Amino acid sequence: MATEHSFDISAAVDMMEVKNALETAKKEIAARYDFKGLAAEVELNEKEKIITLLSSSDNKIDALKDIVISKLIKRNIPPVAVSESKREGASGGNIKATLKLNDTLDSENAKKITKAIKDAKLKVTAAIRGEEVRVSGKSIDDLQECIRLVKGLNLELPISFKNLK
């Protein structure tokens with residue numbers, strides 16, 4: 001039995017699930033009556049982690065965004081993983097919206113997490129390792145309490161917990 005237990009906190013998003021959610025969204029858009037005969041496109045730039053929505057009006061863009069987010073939720077990707085970065089006019093009188101996938105734990109949020117863990121006076125140690133925070137301790141109960149604490153912080157990130165050993 002291990003004397004030291006640990007887990008990692010990250011903000012990773014499963015890109016395969018994002019692709020599946022977007023394919024399901026495209027099927028729903030093709031079947032919906034309110035999008036018949038209108039320009040309605042959803043595209044993913046996997047390298048830059050950007051979802052592009054294209055439609056004829058702001059209302060249709062909002063409807064596309066709602067469809068995409070609902071499909072992501074069904075695939076266990078929290079809505080905080082997506083943020084709208086910009087909305088602009090496109091060719092042919094259409095409107096283009098850009099959604100950014102937030103899937104990195106930046107240093108500011110990593111510092112918030114480690115500070116909250118230290119302030120809670122749990123018998124665990126938290127260390128920032130790049131885009132992850134490694135939490136280790138002797139008791140699994142302390143680690144589970146730490147998970148509850150981090151979930152209660154309500155950060156604007158899709159927090160995930162991995163490698164509980």
# chains A, B, ... in the order shown; residues from 1 in each chain; ligands from 1

call {"tool": "residues_around", "arguments": {"residues": "Lys60 of chain A", "least_positions_apart": "3", "cutoff": "10 Å", "atoms": "only C-alpha atoms", "output": "MDAnalysis selection string"}}
result
chainID A and resid 34:35 38:40 53:57 63:66 95

call {"tool": "write_last_selection", "arguments": {"atoms": "N, CA, C and O atoms", "output": "CSV table (one decimal), in the first residue's frame"}}
result
chain,number,residue,atom,x,y,z
A,34,ASP,N,-36.7,26.0,-38.2
A,34,ASP,CA,-36.3,27.4,-38.2
A,34,ASP,C,-35.0,27.7,-39.0
A,34,ASP,O,-34.7,28.9,-39.2
A,35,PHE,N,-34.2,26.7,-39.3
A,35,PHE,CA,-33.0,26.9,-40.0
A,35,PHE,C,-33.1,26.5,-41.5
A,35,PHE,O,-32.1,26.5,-42.2
A,38,LEU,N,-31.7,28.7,-44.6
A,38,LEU,CA,-30.8,29.7,-44.1
A,38,LEU,C,-29.4,29.2,-44.0
A,38,LEU,O,-29.2,28.0,-43.8
A,39,ALA,N,-28.5,30.2,-44.0
A,39,ALA,CA,-27.1,29.8,-43.8
A,39,ALA,C,-26.9,29.5,-42.3
A,39,ALA,O,-27.2,30.4,-41.4
A,40,ALA,N,-26.5,28.3,-41.9
A,40,ALA,CA,-26.2,28.0,-40.5
A,40,ALA,C,-25.1,27.0,-40.5
A,40,ALA,O,-25.3,25.8,-40.9
A,53,LEU,N,-19.3,29.9,-35.5
A,53,LEU,CA,-20.8,29.8,-35.9
A,53,LEU,C,-21.1,30.9,-36.9
A,53,LEU,O,-20.6,32.0,-36.8
A,54,LEU,N,-21.8,30.5,-38.0
A,54,LEU,CA,-22.2,31.4,-39.0
A,54,LEU,C,-23.7,31.3,-39.3
A,54,LEU,O,-24.2,30.2,-39.5
A,55,SER,N,-24.4,32.4,-39.3
A,55,SER,CA,-25.8,32.4,-39.6
A,55,SER,C,-26.2,33.8,-40.0
A,55,SER,O,-25.4,34.8,-40.1
A,56,SER,N,-27.5,34.0,-40.3
A,56,SER,CA,-28.0,35.2,-41.0
A,56,SER,C,-28.4,36.3,-40.0
A,56,SER,O,-28.5,37.5,-40.4
A,57,SER,N,-28.6,36.0,-38.7
A,57,SER,CA,-28.9,37.1,-37.7
A,57,SER,C,-28.4,36.8,-36.3
A,57,SER,O,-28.0,35.6,-36.1
A,63,ALA,N,-29.3,31.0,-31.2
A,63,ALA,CA,-29.9,29.7,-31.2
A,63,ALA,C,-28.8,28.6,-31.5
A,63,ALA,O,-28.8,27.5,-30.9
A,64,LEU,N,-27.9,28.9,-32.4
A,64,LEU,CA,-26.8,28.0,-32.7
A,64,LEU,C,-25.9,27.8,-31.5
A,64,LEU,O,-25.5,26.6,-31.2
A,65,LYS,N,-25.6,28.9,-30.8
A,65,LYS,CA,-24.8,28.8,-29.6
A,65,LYS,C,-25.5,27.9,-28.5
A,65,LYS,O,-24.9,27.1,-27.9
A,66,ASP,N,-26.8,28.1,-28.3
A,66,ASP,CA,-27.6,27.3,-27.4
A,66,ASP,C,-27.5,25.8,-27.7
A,66,ASP,O,-27.4,24.9,-26.9
A,95,ILE,N,-23.7,36.8,-40.1
A,95,ILE,CA,-23.0,37.1,-38.9
A,95,ILE,C,-22.2,35.9,-38.4
A,95,ILE,O,-22.6,34.8,-38.5

call {"tool": "residues_around", "arguments": {"residues": "segment 17-20 of chain A", "least_positions_apart": "4", "cutoff": "12 Å", "atoms": "only C-alpha atoms", "output": "ChimeraX atom specification"}}
result
/A:12-13,24-27,42-46,49-51,68-79,81-82,101,103

call {"tool": "write_last_selection", "arguments": {"atoms": "C-alpha atoms", "output": "short mmCIF file (atom, residue, chain, number, x, y, z; two decimals), in the first residue's frame"}}
result
data_model
loop_
_atom_site.label_atom_id
_atom_site.label_comp_id
_atom_site.auth_asym_id
_atom_site.auth_seq_id
_atom_site.Cartn_x
_atom_site.Cartn_y
_atom_site.Cartn_z
CA ALA A 12 -8.56 19.66 -19.91
CA VAL A 13 -11.40 19.18 -22.38
CA THR A 24 -24.73 15.99 -33.17
CA ALA A 25 -25.39 19.76 -33.20
CA LYS A 26 -24.96 19.87 -37.00
CA LYS A 27 -27.51 17.07 -37.38
CA VAL A 42 -20.79 25.20 -37.14
CA GLU A 43 -17.07 24.57 -37.61
CA LEU A 44 -14.26 23.52 -35.29
CA ASN A 45 -10.65 24.62 -35.62
CA GLU A 46 -9.09 21.88 -33.52
CA LYS A 49 -9.53 25.29 -30.18
CA ILE A 50 -12.07 27.66 -31.72
CA ILE A 51 -15.67 26.95 -32.71
CA VAL A 68 -23.84 23.72 -29.35
CA ILE A 69 -23.69 24.31 -25.59
CA SER A 70 -26.56 21.89 -24.92
CA LYS A 71 -24.81 19.18 -26.95
CA LEU A 72 -21.54 19.83 -25.07
CA ILE A 73 -23.36 19.49 -21.73
CA LYS A 74 -24.79 16.13 -22.84
CA ARG A 75 -21.20 15.05 -23.51
CA ASN A 76 -20.12 16.03 -19.95
CA ILE A 77 -18.33 19.19 -21.03
CA PRO A 78 -19.35 22.05 -18.74
CA PRO A 79 -20.61 25.29 -20.30
CA ALA A 81 -15.45 25.50 -21.12
CA VAL A 82 -16.83 27.74 -23.89
CA LEU A 101 -12.59 26.55 -25.74
CA ASP A 103 -9.11 24.20 -21.52
#

call {"tool": "closest_residue", "arguments": {"among": "A:Lys121, A:Lys165, A:Lys36, A:Arg134", "to": "Leu149 of chain A", "atoms": "only C-alpha atoms"}}
result
A:Lys121

call {"tool": "atom_distance", "arguments": {"atom1": "atom CA of Glu132 of chain A", "atom2": "atom CA of Leu99 of chain A"}}
result
23.6 Å

call {"tool": "closest_residue", "arguments": {"among": "A:Leu157, A:Met15, A:Lys86, A:Ala30", "to": "Asn102 of chain A", "atoms": "only C-alpha atoms"}}
result
A:Leu157

call {"tool": "closest_residue", "arguments": {"among": "A:Glu108, A:Val150, A:Thr52, A:Lys115", "to": "Glu84 of chain A", "atoms": "only C-alpha atoms"}}
result
A:Thr52

call {"tool": "decode", "arguments": {"residues": "segment 66-80 of chain A", "atoms": "all heavy atoms", "output": "CSV table (one decimal), in the first residue's frame"}}
result
chain,number,residue,atom,x,y,z
A,66,ASP,N,-26.8,28.1,-28.3
A,66,ASP,CA,-27.6,27.3,-27.4
A,66,ASP,C,-27.5,25.8,-27.7
A,66,ASP,O,-27.4,24.9,-26.9
A,66,ASP,CB,-29.0,27.8,-27.3
A,66,ASP,CG,-29.2,29.1,-26.6
A,66,ASP,OD1,-28.2,29.5,-25.9
A,66,ASP,OD2,-30.2,29.7,-26.8
A,67,ILE,N,-27.7,25.5,-29.0
A,67,ILE,CA,-27.6,24.1,-29.5
A,67,ILE,C,-26.3,23.5,-29.2
A,67,ILE,O,-26.2,22.4,-28.7
A,67,ILE,CB,-28.0,24.0,-31.0
A,67,ILE,CG1,-29.4,24.4,-31.3
A,67,ILE,CG2,-27.7,22.6,-31.5
A,67,ILE,CD1,-29.8,24.6,-32.7
A,68,VAL,N,-25.2,24.2,-29.6
A,68,VAL,CA,-23.8,23.7,-29.3
A,68,VAL,C,-23.6,23.5,-27.9
A,68,VAL,O,-23.1,22.4,-27.5
A,68,VAL,CB,-22.8,24.7,-30.0
A,68,VAL,CG1,-21.4,24.4,-29.5
A,68,VAL,CG2,-22.9,24.7,-31.5
A,69,ILE,N,-23.9,24.4,-27.0
A,69,ILE,CA,-23.7,24.3,-25.6
A,69,ILE,C,-24.5,23.2,-25.0
A,69,ILE,O,-24.0,22.4,-24.2
A,69,ILE,CB,-23.9,25.6,-24.9
A,69,ILE,CG1,-22.8,26.6,-25.2
A,69,ILE,CG2,-24.0,25.4,-23.3
A,69,ILE,CD1,-23.0,28.0,-24.7
A,70,SER,N,-25.8,23.0,-25.4
A,70,SER,CA,-26.6,21.9,-24.9
A,70,SER,C,-26.0,20.5,-25.3
A,70,SER,O,-26.0,19.6,-24.5
A,70,SER,CB,-28.0,22.0,-25.4
A,70,SER,OG,-28.1,21.7,-26.8
A,71,LYS,N,-25.4,20.4,-26.5
A,71,LYS,CA,-24.8,19.2,-27.0
A,71,LYS,C,-23.5,18.9,-26.2
A,71,LYS,O,-23.2,17.8,-25.9
A,71,LYS,CB,-24.5,19.2,-28.5
A,71,LYS,CG,-25.8,19.3,-29.3
A,71,LYS,CD,-26.8,18.3,-29.0
A,71,LYS,CE,-28.1,18.5,-29.7
A,71,LYS,NZ,-29.2,17.7,-29.3
A,72,LEU,N,-22.8,20.0,-25.9
A,72,LEU,CA,-21.5,19.8,-25.1
A,72,LEU,C,-21.9,19.4,-23.7
A,72,LEU,O,-21.2,18.5,-23.1
A,72,LEU,CB,-20.8,21.1,-25.0
A,72,LEU,CG,-20.1,21.6,-26.3
A,72,LEU,CD1,-19.5,23.0,-26.2
A,72,LEU,CD2,-19.0,20.6,-26.7
A,73,ILE,N,-23.0,19.9,-23.1
A,73,ILE,CA,-23.4,19.5,-21.7
A,73,ILE,C,-23.7,18.0,-21.7
A,73,ILE,O,-23.4,17.3,-20.8
A,73,ILE,CB,-24.5,20.4,-21.2
A,73,ILE,CG1,-24.1,21.8,-21.0
A,73,ILE,CG2,-25.2,19.8,-20.0
A,73,ILE,CD1,-25.2,22.8,-20.7
A,74,LYS,N,-24.4,17.6,-22.8
A,74,LYS,CA,-24.8,16.1,-22.8
A,74,LYS,C,-23.6,15.2,-22.9
A,74,LYS,O,-23.6,14.1,-22.6
A,74,LYS,CB,-25.7,15.9,-24.0
A,74,LYS,CG,-27.1,16.4,-23.8
A,74,LYS,CD,-28.0,16.1,-24.9
A,74,LYS,CE,-29.4,16.6,-24.6
A,74,LYS,NZ,-30.3,16.5,-25.8
A,75,ARG,N,-22.5,15.8,-23.4
A,75,ARG,CA,-21.2,15.0,-23.5
A,75,ARG,C,-20.3,15.3,-22.3
A,75,ARG,O,-19.1,15.1,-22.4
A,75,ARG,CB,-20.5,15.4,-24.8
A,75,ARG,CG,-21.2,15.0,-26.1
A,75,ARG,CD,-20.9,13.6,-26.3
A,75,ARG,NE,-21.5,13.1,-27.5
A,75,ARG,CZ,-21.3,11.9,-28.0
A,75,ARG,NH1,-20.5,11.1,-27.4
A,75,ARG,NH2,-21.9,11.6,-29.1
A,76,ASN,N,-20.8,15.8,-21.2
A,76,ASN,CA,-20.1,16.0,-19.9
A,76,ASN,C,-19.0,17.1,-20.1
A,76,ASN,O,-18.0,17.0,-19.4
A,76,ASN,CB,-19.6,14.7,-19.4
A,76,ASN,CG,-20.7,13.8,-18.9
A,76,ASN,OD1,-21.7,14.2,-18.4
A,76,ASN,ND2,-20.5,12.5,-19.1
A,77,ILE,N,-19.2,18.1,-20.9
A,77,ILE,CA,-18.3,19.2,-21.0
A,77,ILE,C,-19.1,20.4,-20.5
A,77,ILE,O,-20.1,20.8,-21.0
A,77,ILE,CB,-17.9,19.4,-22.5
A,77,ILE,CG1,-17.1,18.2,-23.0
A,77,ILE,CG2,-17.0,20.7,-22.6
A,77,ILE,CD1,-16.8,18.2,-24.5
A,78,PRO,N,-18.6,21.0,-19.4
A,78,PRO,CA,-19.3,22.1,-18.7
A,78,PRO,C,-19.4,23.3,-19.6
A,78,PRO,O,-18.5,23.6,-20.4
A,78,PRO,CB,-18.6,22.3,-17.5
A,78,PRO,CG,-17.2,21.8,-17.7
A,78,PRO,CD,-17.4,20.6,-18.7
A,79,PRO,N,-20.5,24.1,-19.5
A,79,PRO,CA,-20.6,25.3,-20.3
A,79,PRO,C,-19.5,26.3,-20.1
A,79,PRO,O,-19.3,27.2,-20.9
A,79,PRO,CB,-22.0,25.8,-20.0
A,79,PRO,CG,-22.5,25.1,-18.8
A,79,PRO,CD,-21.6,23.9,-18.6
A,80,VAL,N,-18.9,26.3,-18.9
A,80,VAL,CA,-17.8,27.3,-18.7
A,80,VAL,C,-16.6,27.0,-19.5
A,80,VAL,O,-15.6,27.8,-19.6
A,80,VAL,CB,-17.4,27.3,-17.2
A,80,VAL,CG1,-18.5,27.8,-16.3
A,80,VAL,CG2,-16.9,25.9,-16.7
